[in-house]
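Novice: This is coords.cif, which holds mmCIF, C-alpha atoms:
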```
data_input
loop_
_atom_site.label_atom_id
_atom_site.label_comp_id
_atom_site.auth_asym_id
_atom_site.auth_seq_id
_atom_site.Cartn_x
_atom_site.Cartn_y
_atom_site.Cartn_z
CA MET A 1 -11.51 128.62 -116.37
CA LYS A 2 -10.98 129.19 -120.10
CA ASN A 3 -9.23 132.49 -119.36
CA LYS A 4 -6.92 130.80 -116.86
CA VAL A 5 -5.96 128.17 -119.44
CA LEU A 6 -5.37 130.87 -122.07
CA MET A 7 -3.29 132.89 -119.61
CA GLY A 8 -1.28 129.77 -118.79
CA LEU A 9 -0.71 129.06 -122.48
CA ALA A 10 0.27 132.68 -123.13
CA THR A 11 2.79 132.49 -120.27
CA ILE A 12 4.24 129.23 -121.62
CA VAL A 13 4.53 130.72 -125.13
CA MET A 14 6.13 133.89 -123.70
CA VAL A 15 8.68 131.88 -121.68
CA ALA A 16 9.44 129.73 -124.73
CA VAL A 17 10.01 132.83 -126.89
CA LEU A 18 12.18 134.47 -124.25
CA SER A 19 14.20 131.33 -123.60
CA GLY A 20 14.59 130.89 -127.39
CA CYS A 21 16.21 134.35 -127.52
CA GLY A 22 17.96 133.59 -124.25
CA LYS A 23 20.08 130.66 -125.42
CA LYS A 24 23.75 131.53 -125.84
CA PRO A 25 24.67 131.15 -129.55
CA GLN A 26 27.56 128.75 -128.88
CA VAL A 27 27.55 127.20 -132.37
CA GLU A 28 27.89 130.66 -133.97
CA ILE A 29 30.58 131.66 -131.45
CA ASP A 30 32.59 128.52 -132.21
CA ALA A 31 32.23 128.99 -135.98
CA THR A 32 33.35 132.63 -135.78
CA ASN A 33 36.29 131.79 -133.52
CA ALA A 34 37.34 129.04 -135.95
CA ALA A 35 37.18 131.51 -138.86
CA ILE A 36 39.31 134.02 -136.91
CA GLU A 37 41.80 131.25 -136.14
CA ALA A 38 41.91 130.37 -139.86
CA ALA A 39 42.59 134.03 -140.69
CA LYS A 40 45.41 134.01 -138.11
CA THR A 41 46.87 130.87 -139.72
CA ALA A 42 46.67 132.62 -143.11
CA GLU A 43 48.93 135.29 -141.52
CA ALA A 44 46.27 137.99 -141.76
CA ALA A 45 48.01 139.85 -138.91
CA VAL A 46 51.08 140.17 -141.18
CA TYR A 47 49.51 140.78 -144.60
CA VAL A 48 46.24 142.61 -143.78
CA PRO A 49 46.83 143.81 -140.19
CA ALA A 50 44.13 146.53 -140.16
CA GLU A 51 41.44 144.14 -141.44
CA PHE A 52 42.47 141.44 -138.98
CA ALA A 53 42.44 143.91 -136.07
CA ALA A 54 38.90 144.98 -137.09
CA VAL A 55 37.70 141.35 -136.95
CA GLN A 56 39.30 140.84 -133.53
CA ASP A 57 37.76 144.09 -132.23
CA SER A 58 34.38 143.00 -133.54
CA MET A 59 34.67 139.63 -131.76
CA ASN A 60 35.78 141.31 -128.52
CA ALA A 61 32.71 143.58 -128.69
CA ILE A 62 30.45 140.54 -129.27
CA ASN A 63 31.99 138.70 -126.30
CA ALA A 64 31.40 141.77 -124.12
CA ASP A 65 27.77 141.96 -125.32
CA ILE A 66 27.25 138.24 -124.60
CA ALA A 67 28.71 138.65 -121.11
CA VAL A 68 26.24 141.48 -120.43
CA GLN A 69 23.30 139.37 -121.69
CA GLU A 70 24.36 136.37 -119.59
CA SER A 71 24.13 138.48 -116.45
CA LYS A 72 20.48 139.40 -117.21
CA LEU A 73 17.41 137.49 -116.06
CA PHE A 74 15.80 137.63 -119.52
CA LYS A 75 18.67 137.07 -121.89
CA ASN A 76 18.49 138.19 -125.52
CA PHE A 77 21.28 137.14 -127.87
CA LYS A 78 19.54 138.28 -131.06
CA THR A 79 21.93 141.21 -131.64
CA ALA A 80 24.95 139.08 -130.80
CA LYS A 81 23.78 136.41 -133.27
CA ALA A 82 23.46 138.98 -136.07
CA LYS A 83 26.88 140.43 -135.26
CA LEU A 84 28.41 136.94 -135.17
CA ALA A 85 27.10 136.22 -138.66
CA THR A 86 28.65 139.47 -139.95
CA THR A 87 31.96 138.82 -138.16
CA LEU A 88 32.10 135.24 -139.48
CA THR A 89 31.75 136.53 -143.06
CA LEU A 90 34.33 139.23 -142.37
CA ALA A 91 36.83 136.73 -140.90
CA ASN A 92 36.50 134.49 -143.96
CA GLN A 93 37.03 137.51 -146.22
CA VAL A 94 40.10 138.59 -144.23
CA ALA A 95 41.62 135.10 -144.58
CA ALA A 96 41.05 135.24 -148.36
CA ASN A 97 42.48 138.79 -148.57
CA ALA A 98 45.56 137.69 -146.59
CA ALA A 99 46.19 134.86 -149.06
CA VAL A 100 45.93 137.26 -152.01
CA LYS A 101 48.20 139.86 -150.36
CA LYS A 102 50.74 137.16 -149.44
CA GLU A 103 50.93 136.10 -153.09
CA GLU A 104 51.36 139.75 -154.18
CA VAL A 105 54.18 140.27 -151.66
CA LYS A 106 55.84 137.03 -152.80
CA LYS A 107 55.81 138.20 -156.44
CA GLU A 108 57.09 141.66 -155.42
CA VAL A 109 60.03 140.06 -153.57
CA GLU A 110 60.86 137.99 -156.67
CA THR A 111 60.81 141.11 -158.87
CA LEU A 112 62.93 143.14 -156.45
CA MET A 113 65.43 140.29 -156.10
CA THR A 114 65.97 140.30 -159.86
CA GLU A 115 66.19 144.11 -159.94
CA ILE A 116 68.68 144.39 -157.08
CA LYS A 117 70.97 141.76 -158.62
CA THR A 118 71.04 143.82 -161.82
CA VAL A 119 71.85 147.02 -159.86
CA LEU A 120 74.60 145.26 -157.90
CA GLU A 121 76.16 143.94 -161.10
CA GLU A 122 76.05 147.42 -162.63
CA ASN A 123 77.59 148.88 -159.46
CA LYS A 124 80.53 146.47 -159.75
CA THR A 125 81.12 147.60 -163.34
CA LEU A 126 80.82 151.28 -162.34
CA MET A 127 83.32 150.73 -159.50
CA LYS A 128 85.98 149.87 -162.10
CA LYS A 129 85.28 153.12 -163.98
CA ALA A 130 85.06 155.33 -160.85
CA PRO A 131 87.74 157.98 -160.23
CA ARG A 132 90.63 156.68 -158.15
CA GLY A 133 92.25 159.89 -156.85
CA LYS A 134 93.26 160.30 -153.17
CA GLU A 135 89.67 160.94 -151.99
CA GLY A 136 88.22 158.58 -154.57
CA ALA A 137 90.11 155.57 -153.21
CA ALA A 138 88.73 156.11 -149.68
CA VAL A 139 85.20 156.61 -150.99
CA LEU A 140 85.46 153.47 -153.13
CA GLU A 141 86.59 151.50 -150.07
CA GLN A 142 83.48 152.70 -148.19
CA ILE A 143 81.28 151.79 -151.17
CA LYS A 144 82.88 148.31 -151.30
CA THR A 145 82.02 147.76 -147.62
CA GLU A 146 78.48 149.04 -148.18
CA MET A 147 78.08 146.75 -151.19
CA ALA A 148 79.17 143.75 -149.12
CA THR A 149 76.55 144.68 -146.50
CA ILE A 150 73.88 145.00 -149.21
CA GLU A 151 74.82 141.62 -150.66
CA GLY A 152 74.55 140.15 -147.16
CA SER A 153 71.05 141.66 -146.85
CA VAL A 154 70.07 140.13 -150.19
CA VAL A 155 71.24 136.70 -148.97
CA GLU A 156 69.20 137.18 -145.75
CA ALA A 157 66.17 138.29 -147.78
CA GLN A 158 66.50 135.17 -149.94
CA GLY A 159 66.60 133.04 -146.78
CA LEU A 160 63.46 134.71 -145.46
CA TYR A 161 61.78 134.23 -148.84
CA ASP A 162 62.74 130.54 -148.91
CA SER A 163 61.25 130.06 -145.43
CA GLY A 164 57.98 131.70 -146.56
CA THR A 165 58.44 134.87 -144.48
CA TYR A 166 57.64 137.07 -147.45
CA MET A 167 56.82 140.33 -145.67
CA ASP A 168 60.14 140.37 -143.80
CA ALA A 169 61.94 139.43 -147.03
CA LEU A 170 60.18 142.31 -148.81
CA ASN A 171 61.18 144.87 -146.17
CA LYS A 172 64.80 143.68 -146.23
CA VAL A 173 65.16 143.59 -150.03
CA LYS A 174 63.42 146.99 -150.39
CA ALA A 175 65.89 148.62 -148.00
CA ALA A 176 68.81 146.89 -149.72
CA LYS A 177 67.67 148.00 -153.18
CA GLU A 178 67.29 151.59 -151.96
CA ARG A 179 70.90 151.56 -150.75
CA ALA A 180 72.15 149.88 -153.94
CA VAL A 181 70.38 152.46 -156.12
CA GLY A 182 71.88 155.23 -153.95
CA ILE A 183 75.39 153.86 -154.60
CA ASN A 184 74.56 153.53 -158.29
CA THR A 185 73.59 157.21 -158.50
CA GLU A 186 76.67 158.25 -156.51
CA LEU A 187 79.02 156.30 -158.81
CA LYS A 188 77.38 157.62 -161.99
CA GLU A 189 77.66 161.21 -160.71
CA ALA A 190 81.36 160.74 -159.80
CA ILE A 191 82.12 159.25 -163.24
CA ALA A 192 80.19 162.05 -165.00
CA LYS A 193 82.15 164.68 -163.01
CA VAL A 194 85.48 163.22 -164.09
CA LYS A 195 84.33 163.03 -167.71
CA GLY A 196 83.18 166.67 -167.46
CA LYS A 197 86.63 167.75 -166.24
CA LYS A 198 88.38 165.92 -169.07
CA LYS A 199 86.42 167.77 -171.76
#
```
What would you get if you wrote out this structure as structure tokens?
Specialist:
Amino acid sequence: MKNKVLMGLATIVMVAVLSGCGKKPQVEIDATNAAIEAAKTAEAAVYVPAEFAAVQDSMNAINADIAVQESKLFKNFKTAKAKLATTLTLANQVAANAAVKKEEVKKEVETLMTEIKTVLEENKTLMKKAPRGKEGAAVLEQIKTEMATIEGSVVEAQGLYDSGTYMDALNKVKAAKERAVGINTELKEAIAKVKGKKK
């Protein structure tokens, strides 16, 4: 009789332990999903895309693991719970990293905007000194058109910056500065050539 009672108790304890491991960790899932959503809102996909993709991959793997466990008779979500805790921490870190990177990009855009305006001003001054010969006039006309395009890009970049789309603003102003610096070099070389011939 005593053995039967002990066996019964052991079975109850075993079932309790197994069902304890067998409960889907919904609270942890919700918390992790919320953290991933917060990272998305912080534009992690734009500013730290590799890190954000890693968090999403991790969550997809956890969801797959949970689906497998749910199909079993004796479910065990212990591994999933541990992975959820790690992914939650990671998602919070990614959101913080995105905020830092966004601020860095914002500052970089501001710096480049100042730099490109200086280059454009210098280019206008150099245009006045550039050789005007037959070929020179045609080249200067092309440069004028290119400069107008660059100035248009700078205006667009400023608009993107003002709307908080810093990464797009950065890409646009970087490309514009590259072109402006190219014109600057071209003009300086043309002026130096003419000066060399005069000597």
Novice: Assuming the chain letters and numbering stay as they are in my file, what does the PyMOL selection byres ((chain A and resi 58) around 10) actually select? List them as a list in words.
Specialist: Phe52, Ala53, Ala54, Val55, Gln56, Asp57, Met59, Asn60, Ala61, Ile62, Asn63, Ala64, Lys83, Leu84, Thr86, Thr87, Leu90 and Ala91 of chain A
Novice: Write out the residues from the selection above, keeping C-alpha atoms, as an mmCIF file, in the coordinates of the input.
Specialist:
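Once everything was written out, this is again-v6.cif:
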```cif
data_model
loop_
_atom_site.group_PDB
_atom_site.id
_atom_site.type_symbol
_atom_site.label_atom_id
_atom_site.label_comp_id
_atom_site.auth_asym_id
_atom_site.auth_seq_id
_atom_site.Cartn_x
_atom_site.Cartn_y
_atom_site.Cartn_z
ATOM 1 C CA PHE A 52 42.470 141.440 -138.980
ATOM 2 C CA ALA A 53 42.440 143.910 -136.070
ATOM 3 C CA ALA A 54 38.900 144.980 -137.090
ATOM 4 C CA VAL A 55 37.700 141.350 -136.950
ATOM 5 C CA GLN A 56 39.300 140.840 -133.530
ATOM 6 C CA ASP A 57 37.760 144.090 -132.230
ATOM 7 C CA MET A 59 34.670 139.630 -131.760
ATOM 8 C CA ASN A 60 35.780 141.310 -128.520
ATOM 9 C CA ALA A 61 32.710 143.580 -128.690
ATOM 10 C CA ILE A 62 30.450 140.540 -129.270
ATOM 11 C CA ASN A 63 31.990 138.700 -126.300
ATOM 12 C CA ALA A 64 31.400 141.770 -124.120
ATOM 13 C CA LYS A 83 26.880 140.430 -135.260
ATOM 14 C CA LEU A 84 28.410 136.940 -135.170
ATOM 15 C CA THR A 86 28.650 139.470 -139.950
ATOM 16 C CA THR A 87 31.960 138.820 -138.160
ATOM 17 C CA LEU A 90 34.330 139.230 -142.370
ATOM 18 C CA ALA A 91 36.830 136.730 -140.900
#
```
Novice: For each of A:Ala98, A:Glu108, A:Thr89, A:Ala180, take the minimum atom-to-atom distance to Thr145 in chain A, counting all atoms listed in the file, then give the residue where this is smallest.
Specialist: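 Smallest separation from Thr145 in chain A among the options: A:Ala180.
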Novice: Mind telling me what the PyMOL selection byres ((chain A and resi 177) around 8) catches here, as a PyMOL selection string?
Specialist: chain A and resi 112+115-116+119+150+173-176+178-181
Novice: Taking the file as shown, find all residues satisfying the PyMOL selection byres ((chain A and resi 24) around 12) and write them as a PDB file with C-alpha atoms, keeping the file's coordinate frame.
Specialist:
```pdb
ATOM      1  CA  SER A  19      14.200 131.330-123.600  1.00  0.00           C
ATOM      2  CA  GLY A  20      14.590 130.890-127.390  1.00  0.00           C
ATOM      3  CA  CYS A  21      16.210 134.350-127.520  1.00  0.00           C
ATOM      4  CA  GLY A  22      17.960 133.590-124.250  1.00  0.00           C
ATOM      5  CA  LYS A  23      20.080 130.660-125.420  1.00  0.00           C
ATOM      6  CA  PRO A  25      24.670 131.150-129.550  1.00  0.00           C
ATOM      7  CA  GLN A  26      27.560 128.750-128.880  1.00  0.00           C
ATOM      8  CA  VAL A  27      27.550 127.200-132.370  1.00  0.00           C
ATOM      9  CA  GLU A  28      27.890 130.660-133.970  1.00  0.00           C
ATOM     10  CA  ILE A  29      30.580 131.660-131.450  1.00  0.00           C
ATOM     11  CA  ASP A  30      32.590 128.520-132.210  1.00  0.00           C
ATOM     12  CA  ILE A  62      30.450 140.540-129.270  1.00  0.00           C
ATOM     13  CA  ASN A  63      31.990 138.700-126.300  1.00  0.00           C
ATOM     14  CA  ASP A  65      27.770 141.960-125.320  1.00  0.00           C
ATOM     15  CA  ILE A  66      27.250 138.240-124.600  1.00  0.00           C
ATOM     16  CA  ALA A  67      28.710 138.650-121.110  1.00  0.00           C
ATOM     17  CA  VAL A  68      26.240 141.480-120.430  1.00  0.00           C
ATOM     18  CA  GLN A  69      23.300 139.370-121.690  1.00  0.00           C
ATOM     19  CA  GLU A  70      24.360 136.370-119.590  1.00  0.00           C
ATOM     20  CA  SER A  71      24.130 138.480-116.450  1.00  0.00           C
ATOM     21  CA  PHE A  74      15.800 137.630-119.520  1.00  0.00           C
ATOM     22  CA  LYS A  75      18.670 137.070-121.890  1.00  0.00           C
ATOM     23  CA  ASN A  76      18.490 138.190-125.520  1.00  0.00           C
ATOM     24  CA  PHE A  77      21.280 137.140-127.870  1.00  0.00           C
ATOM     25  CA  LYS A  78      19.540 138.280-131.060  1.00  0.00           C
ATOM     26  CA  THR A  79      21.930 141.210-131.640  1.00  0.00           C
ATOM     27  CA  ALA A  80      24.950 139.080-130.800  1.00  0.00           C
ATOM     28  CA  LYS A  81      23.780 136.410-133.270  1.00  0.00           C
ATOM     29  CA  LEU A  84      28.410 136.940-135.170  1.00  0.00           C
TER      30      LEU A  84
END
```
Novice: Find the residue from A:Ala138, A:Ala35, A:Leu120, A:Met113 that sits nearest to Asn92 in chain A; use all atoms listed in the file when measuring.
Specialist: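 Distance minimum relative to Asn92 in chain A lands on A:Ala35.
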Novice: What is the CA of Thr118 in chain A to CA of Gly164 in chain A distance in Å?
Specialist: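 The value is 23.5 Å.
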Novice: Go through A:Ala190, A:Ala45, A:Ala157, A:Leu170 and flag the residue nearest Glu135 in chain A, using only C-alpha atoms for the distances.
Specialist: A:Ala190
